[in-house]
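Scroll down for the structure; my scribbles are underneath it.
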Amino acid sequence: MTSPLPSAAVPSAAPAAPALPRALARLLSLDDFEAAARRRLPRPIFGYIAGAAEDNQSLRSNRQAFARYAFAPRVLVDVSRRTQRTELFGRRYESPFGIAPMGISALSAYRGDIVLARAARAQGIPAILSGTSLIPLEEVIREAPGTWFQAYLPGDPQRIDALVERARRAGYETLVLTVDIPVSANRENNVRTGFSTPLKPSLRLAWDGITRPRWLAGTFLRTLLAHGMPHFENSFATRGAPIVSASVLRDFTARDHLSWEHVARIRRQWPGTLIIKGILHPRDAALARQHGADGVIVSNHGGRQLDGAISPLRALPAVVSAAGGMTVMMDSGIRRGGDVLKALALGARYVFVGRPFNYAAAVGGEAGVSHAIGLLRAEVDRNMAMLGINDIREMNADLLAREALETD
């Protein structure tokens, strides 16, 4: 079931980029934002964003999967009419990629969730607000209509119903259920970098903040003065616990009994577009379709949940085959325009990018995110020309060749 927004909800054309500050002009790729964010953010905050689960096998595999495919371009094709505009659930977007949901973004950038959503809207792409965000979902959609909302389902039906109703009343049209977290992951990297949930004040944490004065003044202290101690705002229908409260752990448990029956319950209640995120097995794609989902996002949570899980790019063709025409999207591991196009060639209708846009917000606020979007958009456009295609819909498996790597 889809619920398209009017055409005015998304800009009809990406605006021209303003002159860049010198610090941003030096950043030439999405990976450049990671290095810049490492210098700006306290070690625990950067470690939380950058890290994954256990031995980082899935994190590495997500990137390595793209190297398994090479392009087979066509030449002497008139590519002067290139467009990467994409239709998705009744909306038109300016590029085939959007911003993935990322928790606690308001700790890495001042009002980070709003920064990401506003930049996405201005550039004509979707952003997904995380259920573990620190800014109320009502504020975010007021600033950026058309934003999607991602929910981690609470543990009981009454809380699920109330959260879904809250999102509906706020004006969200697209609900993304993330379903790959029955229990919390083993995030050893968080322990090693000093990040904890709840966030525990300590001399080490204080030192990490003091040694990053721009972050301390521009993000953390500014947030405290203007908005008070951050809370988890969107886990339930009511305000959640502050980030320093011991009750945070309790709020994120009791999900191990959730099942497809809960999805069916939400489908009966939710009038808009319903997407299931965290699909890797083709049978689950078929079940999502049977339970009324409008689409799925093939994802291993950026390597942050089950270490050793298959990379979404490798899982993609089988999921597309099982989806029966349902819209299939993908996230995890995308860093270049070529990655976007490889995912589309293997059957994804759309892709989402997470960590790099978080870094961009930390480094340059809304201007940083817009710059990152522009870099990725330019790479997609350039690669389309070199591949010999004018429309993003022309990207298919005929333009790819399987590489035999030593890791196979």
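In the structure tokens, each chain is lettered A, B, ... as it comes, each chain's residues begin at 1, and ligands are numbered from 1 in order of appearance.
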
Quick one: everything within 10 Å of segment 257-262 of chain A, counting only C-alpha atoms, minus sequence neighbours fewer than 5 positions away in the same chain. Send it as a PDB file with all heavy atoms, in the first residue's frame.
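The resulting result12.pdb:
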```pdb
ATOM      1  N   LEU A 153      10.815  -1.774  16.907  1.00  0.00           N
ATOM      2  CA  LEU A 153       9.546  -2.073  17.555  1.00  0.00           C
ATOM      3  C   LEU A 153       9.726  -2.273  19.054  1.00  0.00           C
ATOM      4  O   LEU A 153      10.615  -3.011  19.488  1.00  0.00           O
ATOM      5  CB  LEU A 153       8.937  -3.338  16.944  1.00  0.00           C
ATOM      6  CG  LEU A 153       8.546  -3.245  15.471  1.00  0.00           C
ATOM      7  CD1 LEU A 153       7.859  -4.526  15.032  1.00  0.00           C
ATOM      8  CD2 LEU A 153       7.638  -2.054  15.223  1.00  0.00           C
ATOM      9  N   PRO A 154       8.883  -1.610  19.863  1.00  0.00           N
ATOM     10  CA  PRO A 154       8.873  -1.909  21.292  1.00  0.00           C
ATOM     11  C   PRO A 154       8.443  -3.351  21.541  1.00  0.00           C
ATOM     12  O   PRO A 154       8.004  -4.053  20.623  1.00  0.00           O
ATOM     13  CB  PRO A 154       7.841  -0.916  21.846  1.00  0.00           C
ATOM     14  CG  PRO A 154       7.708   0.141  20.794  1.00  0.00           C
ATOM     15  CD  PRO A 154       7.951  -0.550  19.491  1.00  0.00           C
ATOM     16  N   GLY A 155       8.532  -3.771  22.807  1.00  0.00           N
ATOM     17  CA  GLY A 155       8.339  -5.185  23.109  1.00  0.00           C
ATOM     18  C   GLY A 155       6.912  -5.653  23.250  1.00  0.00           C
ATOM     19  O   GLY A 155       6.676  -6.857  23.330  1.00  0.00           O
ATOM     20  N   ASP A 156       5.920  -4.753  23.312  1.00  0.00           N
ATOM     21  CA  ASP A 156       4.542  -5.207  23.492  1.00  0.00           C
ATOM     22  C   ASP A 156       3.620  -4.513  22.507  1.00  0.00           C
ATOM     23  O   ASP A 156       3.900  -3.390  22.051  1.00  0.00           O
ATOM     24  CB  ASP A 156       4.073  -4.976  24.931  1.00  0.00           C
ATOM     25  CG  ASP A 156       4.072  -3.497  25.301  1.00  0.00           C
ATOM     26  OD1 ASP A 156       3.109  -2.803  24.932  1.00  0.00           O
ATOM     27  OD2 ASP A 156       5.042  -3.046  25.936  1.00  0.00           O
ATOM     28  N   PRO A 157       2.494  -5.137  22.163  1.00  0.00           N
ATOM     29  CA  PRO A 157       1.609  -4.605  21.116  1.00  0.00           C
ATOM     30  C   PRO A 157       1.075  -3.208  21.408  1.00  0.00           C
ATOM     31  O   PRO A 157       0.926  -2.399  20.492  1.00  0.00           O
ATOM     32  CB  PRO A 157       0.476  -5.638  21.062  1.00  0.00           C
ATOM     33  CG  PRO A 157       1.093  -6.900  21.548  1.00  0.00           C
ATOM     34  CD  PRO A 157       2.078  -6.474  22.605  1.00  0.00           C
ATOM     35  N   ILE A 160       3.688  -0.736  20.544  1.00  0.00           N
ATOM     36  CA  ILE A 160       3.844  -0.699  19.087  1.00  0.00           C
ATOM     37  C   ILE A 160       2.743   0.152  18.468  1.00  0.00           C
ATOM     38  O   ILE A 160       2.996   1.045  17.657  1.00  0.00           O
ATOM     39  CB  ILE A 160       3.821  -2.127  18.502  1.00  0.00           C
ATOM     40  CG1 ILE A 160       5.064  -2.911  18.935  1.00  0.00           C
ATOM     41  CG2 ILE A 160       3.739  -2.070  16.977  1.00  0.00           C
ATOM     42  CD1 ILE A 160       5.030  -4.367  18.538  1.00  0.00           C
ATOM     43  N   ASP A 161       1.496  -0.121  18.859  1.00  0.00           N
ATOM     44  CA  ASP A 161       0.360   0.631  18.319  1.00  0.00           C
ATOM     45  C   ASP A 161       0.522   2.121  18.578  1.00  0.00           C
ATOM     46  O   ASP A 161       0.270   2.959  17.691  1.00  0.00           O
ATOM     47  CB  ASP A 161      -0.944   0.141  18.956  1.00  0.00           C
ATOM     48  CG  ASP A 161      -1.318  -1.269  18.533  1.00  0.00           C
ATOM     49  OD1 ASP A 161      -0.687  -1.798  17.592  1.00  0.00           O
ATOM     50  OD2 ASP A 161      -2.233  -1.829  19.150  1.00  0.00           O
ATOM     51  N   VAL A 179      14.170  -4.835  11.541  1.00  0.00           N
ATOM     52  CA  VAL A 179      13.760  -6.100  12.168  1.00  0.00           C
ATOM     53  C   VAL A 179      14.922  -7.038  12.487  1.00  0.00           C
ATOM     54  O   VAL A 179      14.704  -8.192  12.846  1.00  0.00           O
ATOM     55  CB  VAL A 179      12.742  -6.836  11.260  1.00  0.00           C
ATOM     56  CG1 VAL A 179      11.457  -6.014  11.127  1.00  0.00           C
ATOM     57  CG2 VAL A 179      13.331  -7.117   9.876  1.00  0.00           C
ATOM     58  N   ILE A 181      17.185  -6.811  14.931  1.00  0.00           N
ATOM     59  CA  ILE A 181      17.745  -6.614  16.268  1.00  0.00           C
ATOM     60  C   ILE A 181      16.873  -7.314  17.312  1.00  0.00           C
ATOM     61  O   ILE A 181      16.210  -6.666  18.140  1.00  0.00           O
ATOM     62  CB  ILE A 181      17.885  -5.120  16.614  1.00  0.00           C
ATOM     63  CG1 ILE A 181      18.714  -4.417  15.560  1.00  0.00           C
ATOM     64  CG2 ILE A 181      18.546  -4.929  17.969  1.00  0.00           C
ATOM     65  CD1 ILE A 181      19.107  -3.016  15.916  1.00  0.00           C
ATOM     66  N   PRO A 182      16.819  -8.658  17.300  1.00  0.00           N
ATOM     67  CA  PRO A 182      16.087  -9.335  18.377  1.00  0.00           C
ATOM     68  C   PRO A 182      16.783  -9.178  19.723  1.00  0.00           C
ATOM     69  O   PRO A 182      16.131  -9.177  20.772  1.00  0.00           O
ATOM     70  CB  PRO A 182      16.069 -10.800  17.920  1.00  0.00           C
ATOM     71  CG  PRO A 182      17.264 -10.928  17.034  1.00  0.00           C
ATOM     72  CD  PRO A 182      17.398  -9.609  16.343  1.00  0.00           C
ATOM     73  N   VAL A 183      18.115  -9.046  19.685  1.00  0.00           N
ATOM     74  CA  VAL A 183      18.915  -8.774  20.888  1.00  0.00           C
ATOM     75  C   VAL A 183      19.987  -7.761  20.514  1.00  0.00           C
ATOM     76  O   VAL A 183      20.271  -7.538  19.335  1.00  0.00           O
ATOM     77  CB  VAL A 183      19.580 -10.058  21.450  1.00  0.00           C
ATOM     78  CG1 VAL A 183      18.525 -11.054  21.933  1.00  0.00           C
ATOM     79  CG2 VAL A 183      20.483 -10.708  20.398  1.00  0.00           C
ATOM     80  N   ARG A 267       0.657  -3.482   9.598  1.00  0.00           N
ATOM     81  CA  ARG A 267       0.103  -3.270   8.261  1.00  0.00           C
ATOM     82  C   ARG A 267      -1.374  -2.894   8.327  1.00  0.00           C
ATOM     83  O   ARG A 267      -1.855  -2.051   7.550  1.00  0.00           O
ATOM     84  CB  ARG A 267       0.299  -4.520   7.415  1.00  0.00           C
ATOM     85  CG  ARG A 267      -0.315  -4.455   6.013  1.00  0.00           C
ATOM     86  CD  ARG A 267       0.441  -3.541   5.063  1.00  0.00           C
ATOM     87  NE  ARG A 267       0.200  -2.106   5.268  1.00  0.00           N
ATOM     88  CZ  ARG A 267       0.800  -1.155   4.562  1.00  0.00           C
ATOM     89  NH1 ARG A 267       1.659  -1.466   3.607  1.00  0.00           N
ATOM     90  NH2 ARG A 267       0.543   0.109   4.796  1.00  0.00           N
ATOM     91  N   ASP A 284      12.619 -14.408   3.613  1.00  0.00           N
ATOM     92  CA  ASP A 284      12.072 -13.289   4.381  1.00  0.00           C
ATOM     93  C   ASP A 284      11.523 -12.208   3.463  1.00  0.00           C
ATOM     94  O   ASP A 284      10.565 -11.508   3.819  1.00  0.00           O
ATOM     95  CB  ASP A 284      13.130 -12.715   5.321  1.00  0.00           C
ATOM     96  CG  ASP A 284      13.388 -13.623   6.509  1.00  0.00           C
ATOM     97  OD1 ASP A 284      12.477 -14.389   6.875  1.00  0.00           O
ATOM     98  OD2 ASP A 284      14.498 -13.576   7.075  1.00  0.00           O
ATOM     99  N   LEU A 287       8.125 -13.411   2.636  1.00  0.00           N
ATOM    100  CA  LEU A 287       7.229 -13.229   3.779  1.00  0.00           C
ATOM    101  C   LEU A 287       6.839 -11.767   3.942  1.00  0.00           C
ATOM    102  O   LEU A 287       5.695 -11.449   4.297  1.00  0.00           O
ATOM    103  CB  LEU A 287       7.897 -13.742   5.057  1.00  0.00           C
ATOM    104  CG  LEU A 287       7.932 -15.263   5.224  1.00  0.00           C
ATOM    105  CD1 LEU A 287       8.866 -15.659   6.365  1.00  0.00           C
ATOM    106  CD2 LEU A 287       6.518 -15.795   5.486  1.00  0.00           C
ATOM    107  N   ALA A 288       7.772 -10.869   3.705  1.00  0.00           N
ATOM    108  CA  ALA A 288       7.454  -9.447   3.793  1.00  0.00           C
ATOM    109  C   ALA A 288       6.355  -9.083   2.797  1.00  0.00           C
ATOM    110  O   ALA A 288       5.415  -8.352   3.127  1.00  0.00           O
ATOM    111  CB  ALA A 288       8.708  -8.612   3.542  1.00  0.00           C
ATOM    112  N   GLN A 290       4.133 -11.138   1.528  1.00  0.00           N
ATOM    113  CA  GLN A 290       2.896 -11.788   1.958  1.00  0.00           C
ATOM    114  C   GLN A 290       2.199 -11.038   3.087  1.00  0.00           C
ATOM    115  O   GLN A 290       0.971 -11.073   3.216  1.00  0.00           O
ATOM    116  CB  GLN A 290       3.195 -13.219   2.405  1.00  0.00           C
ATOM    117  CG  GLN A 290       3.602 -14.153   1.282  1.00  0.00           C
ATOM    118  CD  GLN A 290       4.125 -15.487   1.799  1.00  0.00           C
ATOM    119  OE1 GLN A 290       3.828 -15.885   2.925  1.00  0.00           O
ATOM    120  NE2 GLN A 290       4.910 -16.167   0.973  1.00  0.00           N
ATOM    121  N   HIS A 291       2.999 -10.343   3.902  1.00  0.00           N
ATOM    122  CA  HIS A 291       2.434  -9.623   5.038  1.00  0.00           C
ATOM    123  C   HIS A 291       2.146  -8.153   4.713  1.00  0.00           C
ATOM    124  O   HIS A 291       1.906  -7.354   5.620  1.00  0.00           O
ATOM    125  CB  HIS A 291       3.366  -9.732   6.245  1.00  0.00           C
ATOM    126  CG  HIS A 291       3.305 -11.083   6.907  1.00  0.00           C
ATOM    127  ND1 HIS A 291       4.021 -12.169   6.440  1.00  0.00           N
ATOM    128  CD2 HIS A 291       2.600 -11.531   7.980  1.00  0.00           C
ATOM    129  CE1 HIS A 291       3.769 -13.223   7.208  1.00  0.00           C
ATOM    130  NE2 HIS A 291       2.910 -12.863   8.147  1.00  0.00           N
TER     131      HIS A 291
END
```

Taking 2 positions as the minimum chain separation for residues in the same chain, which residues sit within 12 Å of Arg268 of chain A when counting only C-alpha atoms? Answer as a ChimeraX atom specification. /A:1,161,164-165,261-266,270-274,291-293

Residues near Gly51 of chain A, cut-off 7 Å, only C-alpha atoms, skip fewer than 3 positions along chain, as a count of residues only: 3

Write out as a VMD selection string which residues come within 12 Å of Leu216 of chain A when counting only C-alpha atoms, dropping same-chain ones fewer than 2 positions away. chain A and resid 40 to 42 45 107 to 110 205 to 214 218 to 225 362

What separation in Å, quoted to one decimal, exists between atom CA of Trp148 of chain A and atom CA of Leu313 of chain A?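 A separation of 22.9 Å between them.
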
Per DSSP on the backbone, filter segment 142-244 of chain A down to the residues in strand (DSSP E or B) and report them as a PyMOL selection string. chain A and resi 148-151+174-178+231+242

Those same residues - all heavy atoms - I'd like them written as a compact mmCIF listing (two decimals), in the first residue's frame.
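File produced: selection26.txt:
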```txt
# COMPACT_ATOMS: atom_id res chain seq x y z
N TRP A 148 11.35 10.04 6.02
CA TRP A 148 10.83 8.73 6.42
C TRP A 148 11.16 8.49 7.89
O TRP A 148 12.10 9.07 8.42
CB TRP A 148 11.47 7.61 5.59
CG TRP A 148 11.28 7.71 4.11
CD1 TRP A 148 10.73 8.74 3.39
CD2 TRP A 148 11.65 6.72 3.14
NE1 TRP A 148 10.75 8.46 2.05
CE2 TRP A 148 11.31 7.23 1.86
CE3 TRP A 148 12.24 5.46 3.23
CZ2 TRP A 148 11.54 6.49 0.70
CZ3 TRP A 148 12.48 4.73 2.07
CH2 TRP A 148 12.13 5.25 0.82
N PHE A 149 10.38 7.63 8.55
CA PHE A 149 10.65 7.30 9.95
C PHE A 149 10.95 5.81 10.09
O PHE A 149 10.21 4.96 9.62
CB PHE A 149 9.48 7.66 10.86
CG PHE A 149 9.71 7.27 12.30
CD1 PHE A 149 10.76 7.81 13.02
CD2 PHE A 149 8.87 6.36 12.93
CE1 PHE A 149 10.99 7.44 14.34
CE2 PHE A 149 9.09 5.99 14.25
CZ PHE A 149 10.15 6.54 14.96
N GLN A 150 12.08 5.52 10.75
CA GLN A 150 12.48 4.15 11.02
C GLN A 150 12.18 3.81 12.47
O GLN A 150 12.54 4.56 13.38
CB GLN A 150 13.98 3.96 10.76
CG GLN A 150 14.52 2.60 11.15
CD GLN A 150 15.55 2.69 12.26
OE1 GLN A 150 15.78 3.74 12.83
NE2 GLN A 150 16.15 1.57 12.60
N ALA A 151 11.49 2.70 12.70
CA ALA A 151 11.11 2.30 14.05
C ALA A 151 11.78 0.99 14.44
O ALA A 151 11.85 0.05 13.64
CB ALA A 151 9.59 2.14 14.14
N THR A 174 5.96 7.36 5.27
CA THR A 174 6.74 6.13 5.04
C THR A 174 7.31 5.64 6.35
O THR A 174 8.03 6.37 7.04
CB THR A 174 7.88 6.39 4.04
OG1 THR A 174 7.33 6.91 2.82
CG2 THR A 174 8.64 5.10 3.74
N LEU A 175 6.97 4.40 6.71
CA LEU A 175 7.42 3.79 7.96
C LEU A 175 8.36 2.64 7.61
O LEU A 175 8.02 1.75 6.82
CB LEU A 175 6.23 3.26 8.75
CG LEU A 175 6.53 2.57 10.08
CD1 LEU A 175 7.16 3.53 11.08
CD2 LEU A 175 5.25 1.95 10.66
N VAL A 176 9.56 2.67 8.20
CA VAL A 176 10.58 1.65 7.97
C VAL A 176 10.76 0.84 9.25
O VAL A 176 11.21 1.37 10.27
CB VAL A 176 11.92 2.29 7.55
CG1 VAL A 176 12.97 1.21 7.29
CG2 VAL A 176 11.74 3.17 6.33
N LEU A 177 10.39 -0.43 9.23
CA LEU A 177 10.56 -1.29 10.39
C LEU A 177 11.90 -2.00 10.30
O LEU A 177 12.14 -2.78 9.37
CB LEU A 177 9.44 -2.34 10.47
CG LEU A 177 8.00 -1.83 10.51
CD1 LEU A 177 7.04 -3.00 10.61
CD2 LEU A 177 7.80 -0.86 11.67
N THR A 178 12.80 -1.72 11.23
CA THR A 178 14.08 -2.43 11.27
C THR A 178 13.92 -3.67 12.13
O THR A 178 13.57 -3.58 13.31
CB THR A 178 15.19 -1.52 11.81
OG1 THR A 178 15.43 -0.48 10.85
CG2 THR A 178 16.48 -2.29 12.01
N HIS A 231 17.64 13.12 25.27
CA HIS A 231 16.88 11.91 25.57
C HIS A 231 16.71 11.10 24.28
O HIS A 231 16.75 11.65 23.17
CB HIS A 231 15.49 12.25 26.09
CG HIS A 231 15.45 12.74 27.50
ND1 HIS A 231 16.13 13.86 27.92
CD2 HIS A 231 14.78 12.26 28.59
CE1 HIS A 231 15.89 14.07 29.22
NE2 HIS A 231 15.08 13.11 29.64
N PRO A 242 16.89 9.72 29.30
CA PRO A 242 18.07 10.50 28.91
C PRO A 242 19.25 9.58 28.62
O PRO A 242 19.30 8.44 29.10
CB PRO A 242 18.33 11.38 30.14
CG PRO A 242 17.66 10.68 31.26
CD PRO A 242 16.49 9.96 30.69
```

Report as JSON, numbers by chain all protein, DNA and RNA residues lying within 10 Å of Gln84 of chain A, evaluated on only C-alpha atoms, omitting residues in the same chain fewer than 6 positions from it. {"A": [93, 94, 95, 96, 97, 377, 380, 381, 384, 390, 391, 392, 393]}

Pick the closest to Asn56 of chain A from A:Gly303, A:Gly131, A:Gly324, A:Gly354: which is it, counting only C-alpha atoms?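 Going through A:Gly303, A:Gly131, A:Gly324, A:Gly354 one by one, the smallest distance to Asn56 of chain A is for A:Gly303.
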
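Between atom CA of Phe357 of chain A and atom CA of Arg402 of chain A there is a distance of 29.2 Å.
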
Ala285 of chain A surroundings by only C-alpha atoms, 9 Å radius, close-in-sequence under 4 positions cut, as a list in words: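 The contact residues come out as Ile276, Ile279, Leu280, His281, Arg289, Gln290, Gly295, Val296, Val298, Val319, Val320, Ala322, Ala323, Gly324, Met326 and Val328 of chain A.
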
Contacts of Ala167 of chain A at 9 Å (only C-alpha atoms; same-chain gap of 5+ positions) as a PyMOL selection string: chain A and resi 137-138+149+162+172-173+175+237

How would the residues just chosen look if you wrote them out with N, CA, C and O atoms as a PDB file, in the first residue's frame?
```
ATOM      1  N   LEU A 137      10.526  13.222  16.722  1.00  0.00           N
ATOM      2  CA  LEU A 137      10.194  13.010  15.309  1.00  0.00           C
ATOM      3  C   LEU A 137       9.290  14.107  14.773  1.00  0.00           C
ATOM      4  O   LEU A 137       9.330  14.425  13.575  1.00  0.00           O
ATOM      5  N   GLU A 138       8.484  14.712  15.634  1.00  0.00           N
ATOM      6  CA  GLU A 138       7.606  15.798  15.194  1.00  0.00           C
ATOM      7  C   GLU A 138       8.421  17.016  14.746  1.00  0.00           C
ATOM      8  O   GLU A 138       8.058  17.679  13.777  1.00  0.00           O
ATOM      9  N   PHE A 149      10.382   7.625   8.553  1.00  0.00           N
ATOM     10  CA  PHE A 149      10.653   7.295   9.951  1.00  0.00           C
ATOM     11  C   PHE A 149      10.954   5.812  10.092  1.00  0.00           C
ATOM     12  O   PHE A 149      10.206   4.959   9.616  1.00  0.00           O
ATOM     13  N   ALA A 162       0.949   2.467  19.791  1.00  0.00           N
ATOM     14  CA  ALA A 162       1.060   3.879  20.165  1.00  0.00           C
ATOM     15  C   ALA A 162       2.166   4.573  19.375  1.00  0.00           C
ATOM     16  O   ALA A 162       2.011   5.732  18.953  1.00  0.00           O
ATOM     17  N   TYR A 172       4.181  11.503   9.042  1.00  0.00           N
ATOM     18  CA  TYR A 172       5.055  10.629   8.266  1.00  0.00           C
ATOM     19  C   TYR A 172       4.214   9.779   7.329  1.00  0.00           C
ATOM     20  O   TYR A 172       3.140   9.283   7.691  1.00  0.00           O
ATOM     21  N   GLU A 173       4.722   9.605   6.113  1.00  0.00           N
ATOM     22  CA  GLU A 173       4.029   8.810   5.097  1.00  0.00           C
ATOM     23  C   GLU A 173       4.708   7.461   4.867  1.00  0.00           C
ATOM     24  O   GLU A 173       4.094   6.553   4.322  1.00  0.00           O
ATOM     25  N   LEU A 175       6.974   4.402   6.713  1.00  0.00           N
ATOM     26  CA  LEU A 175       7.424   3.786   7.956  1.00  0.00           C
ATOM     27  C   LEU A 175       8.364   2.636   7.612  1.00  0.00           C
ATOM     28  O   LEU A 175       8.018   1.748   6.823  1.00  0.00           O
ATOM     29  N   ALA A 237       5.940   5.958  22.113  1.00  0.00           N
ATOM     30  CA  ALA A 237       5.009   7.057  21.872  1.00  0.00           C
ATOM     31  C   ALA A 237       5.279   8.219  22.813  1.00  0.00           C
ATOM     32  O   ALA A 237       4.897   9.350  22.537  1.00  0.00           O
TER      33      ALA A 237
END
```

Measuring between only C-alpha atoms, which one of A:Gly228, A:Gly374, A:Pro21, A:Gly368 shows the shortest distance to Ile125 of chain A? A:Gly374

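Between atom CA of Asn358 of chain A and atom CA of Gln57 of chain A there is a distance of 21.8 Å.
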
Minimum-distance residue to Arg111 of chain A, chosen among A:Ala52, A:Ala343, A:Glu366, A:Gly388 (using only C-alpha atoms): A:Glu366

Going by DSSP on the backbone, which residues of segment 134-178 of chain A come out as helix (DSSP H, G or I)? List them as JSON, numbers by chain. {"A": [137, 138, 139, 140, 141, 142, 143, 157, 158, 159, 160, 161, 162, 163, 164, 165, 166, 167, 168, 169, 170]}

Closest contacts (segment 270-346 of chain A/segment 68-71 of chain A, max 10 Å, only C-alpha atoms) as a Markdown table:
```
| residue | atom | partner | partner_atom | distance |
| --- | --- | --- | --- | --- |
| A:Leu313 | CA | A:Arg68 | CA | 9.9 |
| A:Arg314 | CA | A:Arg68 | CA | 9.4 |
| A:Gly338 | CA | A:Phe71 | CA | 8.8 |
| A:Asp339 | CA | A:Tyr69 | CA | 9.7 |
| A:Leu341 | CA | A:Phe71 | CA | 9.6 |
| A:Lys342 | CA | A:Tyr69 | CA | 7.6 |
```

Taking C-alpha atoms for each residue, export the selection above as a PDB file, in the first residue's frame.
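Once written, again38.pdb looks like this:
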```pdb
ATOM      1  CA  LEU A 313      25.222  -6.748  -2.307  1.00  0.00           C
ATOM      2  CA  ARG A 314      25.793 -10.508  -2.467  1.00  0.00           C
ATOM      3  CA  GLY A 338      30.095   3.193  -8.844  1.00  0.00           C
ATOM      4  CA  ASP A 339      28.820   1.292  -5.804  1.00  0.00           C
ATOM      5  CA  LEU A 341      25.303   1.748  -9.904  1.00  0.00           C
ATOM      6  CA  LYS A 342      26.476  -1.785  -9.147  1.00  0.00           C
TER       7      LYS A 342
END
```
